[in-house]
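Enquirer: Take a look at this one; I'll ask things after.
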Amino acid sequence: MSYLGDRLERPILLLDGECGLCNKFASFMHSRLRDKQAVQFLGIESEIGQSMIATFQDDLQQMDTVYFVDGMSVKTKSSAVIHCLKIMRFPYRFMSLVVWLCPKGIRNVAYDFVAKRRRSFFGTSDSCVWDAFPSNHGAEN
């Protein structure tokens, strides 16, 4: 199945399920979503996550990043974070505009700085908490 060729029911945030920061950000984000059905969280390491990434352009497949997949569009690094902020409640939605005003090159340097240190700062997890019940993400209030 080509995930980008098919219409997704909702956007998917592919994240490093073994990264403490990624899991904490997904939990933080989920509790602040305007609509709990707005996004599905999925670990990059999962079978579905790997299948999706295999459909991406070669340069995207090799990236160490989170992926925000919405229909035919794949956002990475700081652009993925901005899309996450856009679907959250105030003030995070407003923050997406402020962050977007910063040049992409500068945003991505900051993203890369944190990404390289995320495991030492935030630790690791044995598995992605979001893969346990993939059909239920966002179903609760």
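Just remember, in the structure tokens the first chain shown is A, the second B, etc., residues are 1-based per chain, and ligands are 1-based in the order shown.
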Using only C-alpha atoms, which residues sit within 9 Å of stretch 24-26 of chain A once same-chain residues fewer than 6 positions away are excluded, as a list of chain:residue names?
Expert: A:Leu13, A:Leu15, A:Phe41, A:Phe122, A:Trp130
Enquirer: Taking the backbone alone, and naming residues the way the document does, which bits of chain A are strand (DSSP E) by DSSP, as a list in words?
Expert: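 After running DSSP on the backbone, chain A has strand (DSSP E) at Ile12, Leu13, Leu14, Leu15, Gln40, Phe41, Leu42, Gly43, Tyr67, Phe68, Val69, Asp70, Ser73, Val74, Lys75 and Thr76 of chain A.
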Enquirer: If DSSP is run on the backbone, what residues of stretch 34-128 of chain A are helix (DSSP H, G or I)? A reply as number ranges by chain would be ideal.
Expert: A: 47-54, 58-61, 77-86, 92-101, 104-122
Enquirer: For each of A:Met88, A:Ser46, A:Gln37, A:Thr65, take the minimum atom-to-atom distance to A:Phe113, counting only C-alpha atoms, then give the residue where this is smallest.
Expert: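 Closest residue, counting only C-alpha atoms: A:Thr65.
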Enquirer: A:His83, A:Val66, A:Val114, A:Ile106: which is nearest A:Asn23, counting only C-alpha atoms?
Expert: A:Val66
Enquirer: Within 10 Å of A:Asp16, counting only C-alpha atoms, which residues show up once you throw out same-chain ones fewer than 4 positions away? Write them as a list in words, please.
Expert: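 The neighbour list is Gly20, Leu21, Cys22, Asn23, Leu42, Gly43, Ile44, Glu45, Ser46, Gly49, Asp64, Thr65, Val66, Tyr67, Thr124, Ser125, Ser127 and Cys128 of chain A.
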Enquirer: Output the selection as a PDB file, in the first residue's frame - N, CA and C atoms for each residue.
Expert:
ATOM      1  N   GLY A  20      12.614   9.527  24.538  1.00  0.00           N
ATOM      2  CA  GLY A  20      11.825  10.084  25.631  1.00  0.00           C
ATOM      3  C   GLY A  20      11.197  11.420  25.264  1.00  0.00           C
ATOM      4  N   LEU A  21      11.932  12.284  24.572  1.00  0.00           N
ATOM      5  CA  LEU A  21      11.402  13.586  24.163  1.00  0.00           C
ATOM      6  C   LEU A  21      10.220  13.413  23.208  1.00  0.00           C
ATOM      7  N   CYS A  22      10.362  12.529  22.235  1.00  0.00           N
ATOM      8  CA  CYS A  22       9.280  12.322  21.261  1.00  0.00           C
ATOM      9  C   CYS A  22       8.007  11.831  21.945  1.00  0.00           C
ATOM     10  N   ASN A  23       8.138  10.861  22.845  1.00  0.00           N
ATOM     11  CA  ASN A  23       6.973  10.349  23.564  1.00  0.00           C
ATOM     12  C   ASN A  23       6.354  11.414  24.457  1.00  0.00           C
ATOM     13  N   LEU A  42       2.311   7.636  15.617  1.00  0.00           N
ATOM     14  CA  LEU A  42       2.809   6.319  15.244  1.00  0.00           C
ATOM     15  C   LEU A  42       4.330   6.304  15.346  1.00  0.00           C
ATOM     16  N   GLY A  43       4.877   5.237  15.897  1.00  0.00           N
ATOM     17  CA  GLY A  43       6.326   5.111  16.011  1.00  0.00           C
ATOM     18  C   GLY A  43       6.974   4.832  14.669  1.00  0.00           C
ATOM     19  N   ILE A  44       8.083   5.481  14.418  1.00  0.00           N
ATOM     20  CA  ILE A  44       8.837   5.257  13.188  1.00  0.00           C
ATOM     21  C   ILE A  44       9.262   3.792  13.094  1.00  0.00           C
ATOM     22  N   GLU A  45       9.561   3.177  14.224  1.00  0.00           N
ATOM     23  CA  GLU A  45      10.046   1.805  14.252  1.00  0.00           C
ATOM     24  C   GLU A  45       8.968   0.778  13.945  1.00  0.00           C
ATOM     25  N   SER A  46       7.709   1.171  14.029  1.00  0.00           N
ATOM     26  CA  SER A  46       6.611   0.225  13.803  1.00  0.00           C
ATOM     27  C   SER A  46       6.600  -0.260  12.363  1.00  0.00           C
ATOM     28  N   GLY A  49       4.905   2.336  10.280  1.00  0.00           N
ATOM     29  CA  GLY A  49       5.779   3.491  10.140  1.00  0.00           C
ATOM     30  C   GLY A  49       6.871   3.250   9.115  1.00  0.00           C
ATOM     31  N   ASP A  64      16.892  11.822  10.082  1.00  0.00           N
ATOM     32  CA  ASP A  64      16.655  11.538  11.493  1.00  0.00           C
ATOM     33  C   ASP A  64      15.742  12.655  11.997  1.00  0.00           C
ATOM     34  N   THR A  65      14.436  12.430  11.896  1.00  0.00           N
ATOM     35  CA  THR A  65      13.468  13.490  12.163  1.00  0.00           C
ATOM     36  C   THR A  65      12.113  12.901  12.510  1.00  0.00           C
ATOM     37  N   VAL A  66      11.204  13.754  12.939  1.00  0.00           N
ATOM     38  CA  VAL A  66       9.797  13.385  13.004  1.00  0.00           C
ATOM     39  C   VAL A  66       9.211  13.724  11.637  1.00  0.00           C
ATOM     40  N   TYR A  67       8.171  12.999  11.264  1.00  0.00           N
ATOM     41  CA  TYR A  67       7.493  13.240   9.993  1.00  0.00           C
ATOM     42  C   TYR A  67       6.036  13.563  10.287  1.00  0.00           C
ATOM     43  N   THR A 124      15.529   7.364  27.050  1.00  0.00           N
ATOM     44  CA  THR A 124      14.928   6.511  26.034  1.00  0.00           C
ATOM     45  C   THR A 124      13.798   5.702  26.640  1.00  0.00           C
ATOM     46  N   SER A 125      13.022   5.104  25.770  1.00  0.00           N
ATOM     47  CA  SER A 125      11.909   4.253  26.164  1.00  0.00           C
ATOM     48  C   SER A 125      12.069   2.922  25.441  1.00  0.00           C
ATOM     49  N   SER A 127       9.718   1.175  24.171  1.00  0.00           N
ATOM     50  CA  SER A 127       8.813   1.107  23.026  1.00  0.00           C
ATOM     51  C   SER A 127       7.995   2.389  22.951  1.00  0.00           C
ATOM     52  N   CYS A 128       7.373   2.574  21.808  1.00  0.00           N
ATOM     53  CA  CYS A 128       6.542   3.753  21.592  1.00  0.00           C
ATOM     54  C   CYS A 128       5.198   3.553  22.287  1.00  0.00           C
TER      55      CYS A 128
END
Enquirer: Taking only C-alpha atoms into account, which of A:Ser120, A:Leu14, A:Asn108, A:Pro103 comes nearest A:Ser51?
Expert: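 Comparing A:Ser120, A:Leu14, A:Asn108, A:Pro103 against A:Ser51, the winner is A:Leu14.
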Enquirer: What gap, in Å, lies between atom CA of A:Trp100 and atom CA of A:Ser78?
Expert: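 The value is 8.8 Å.
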Enquirer: Which residue, A:Cys19, A:Lys77, A:Arg10, A:Gly71, has the smallest gap to A:Lys104 when you use only C-alpha atoms?
Expert: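 Closest to A:Lys104, using only C-alpha atoms: A:Lys77.
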Enquirer: Env of A:Val39: 9 Å cut, atoms = only C-alpha atoms, seq-sep filter 4 positions within chain, self excluded. Answer as a PyMOL selection string.
Expert: chain A and resi 10-13+30+33+35+84+87+137-138
Enquirer: So what do you get for atom CA of A:Asp112 versus atom CA of A:Thr76, distance-wise?
Expert: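 Rounded to one decimal, the two atoms are 11.2 Å apart.
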Enquirer: Please report the interatomic distance between atom CA of A:Ala115 and atom CA of A:Gln50 in Å with one decimal.
Expert: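 That distance, rounded to one decimal, is 19.7 Å.
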Enquirer: Need to verify the contact set: A:Val74, 9 Å, only C-alpha atoms, exclusion of same-chain residues closer than 6 positions in sequence. Can you return it as a list in words?
Expert: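 Once the nearby chain positions are removed, what remains is Leu4, Phe56, Leu60, Tyr67, Phe68 and Ala80 of chain A.
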Enquirer: Go ahead and save the residues from that selection, with all heavy atoms, as a CSV table (one decimal), in the first residue's frame.
Expert:
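Once written, result.csv looks like this:
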chain,number,residue,atom,x,y,z
A,4,LEU,N,1.2,7.5,0.7
A,4,LEU,CA,1.0,8.8,0.2
A,4,LEU,C,0.1,8.9,-1.0
A,4,LEU,O,-0.4,9.9,-1.4
A,4,LEU,CB,2.4,9.4,-0.1
A,4,LEU,CG,3.3,9.7,1.1
A,4,LEU,CD1,4.6,10.3,0.7
A,4,LEU,CD2,2.6,10.5,2.2
A,56,PHE,N,8.4,7.3,0.9
A,56,PHE,CA,8.9,8.7,0.8
A,56,PHE,C,10.1,8.8,-0.2
A,56,PHE,O,10.7,7.8,-0.5
A,56,PHE,CB,9.4,9.2,2.1
A,56,PHE,CG,8.4,9.3,3.2
A,56,PHE,CD1,8.8,9.5,4.5
A,56,PHE,CD2,7.0,9.1,3.0
A,56,PHE,CE1,7.9,9.6,5.6
A,56,PHE,CE2,6.1,9.1,4.0
A,56,PHE,CZ,6.5,9.4,5.3
A,60,LEU,N,14.2,11.9,2.0
A,60,LEU,CA,13.4,12.0,3.2
A,60,LEU,C,13.5,10.7,4.0
A,60,LEU,O,13.5,10.7,5.3
A,60,LEU,CB,11.9,12.1,2.9
A,60,LEU,CG,11.5,13.5,2.3
A,60,LEU,CD1,10.0,13.5,1.9
A,60,LEU,CD2,11.8,14.6,3.2
A,67,TYR,N,8.2,13.0,11.3
A,67,TYR,CA,7.5,13.2,10.0
A,67,TYR,C,6.0,13.6,10.3
A,67,TYR,O,5.4,12.8,11.0
A,67,TYR,CB,7.5,12.0,9.1
A,67,TYR,CG,8.9,11.5,8.7
A,67,TYR,CD1,9.5,10.5,9.5
A,67,TYR,CD2,9.5,12.0,7.6
A,67,TYR,CE1,10.8,10.1,9.1
A,67,TYR,CE2,10.8,11.5,7.2
A,67,TYR,CZ,11.4,10.5,7.9
A,67,TYR,OH,12.6,10.1,7.6
A,68,PHE,N,5.5,14.6,9.7
A,68,PHE,CA,4.1,15.0,9.8
A,68,PHE,C,3.6,14.7,8.4
A,68,PHE,O,3.9,15.4,7.4
A,68,PHE,CB,3.9,16.4,10.2
A,68,PHE,CG,2.5,16.8,10.5
A,68,PHE,CD1,2.0,16.7,11.8
A,68,PHE,CD2,1.6,17.2,9.5
A,68,PHE,CE1,0.6,17.0,12.1
A,68,PHE,CE2,0.3,17.5,9.7
A,68,PHE,CZ,-0.2,17.4,11.0
A,80,ALA,N,7.5,20.1,10.6
A,80,ALA,CA,6.6,19.1,11.2
A,80,ALA,C,6.2,19.6,12.5
A,80,ALA,O,5.0,19.5,12.9
A,80,ALA,CB,7.3,17.8,11.4
Enquirer: Choose the residue, out of A:Val99, A:Ala110, A:Pro91, A:Val69, that has the smallest atom-to-atom separation from A:Ala38; count only C-alpha atoms.
Expert: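 Closest residue, counting only C-alpha atoms: A:Val69.
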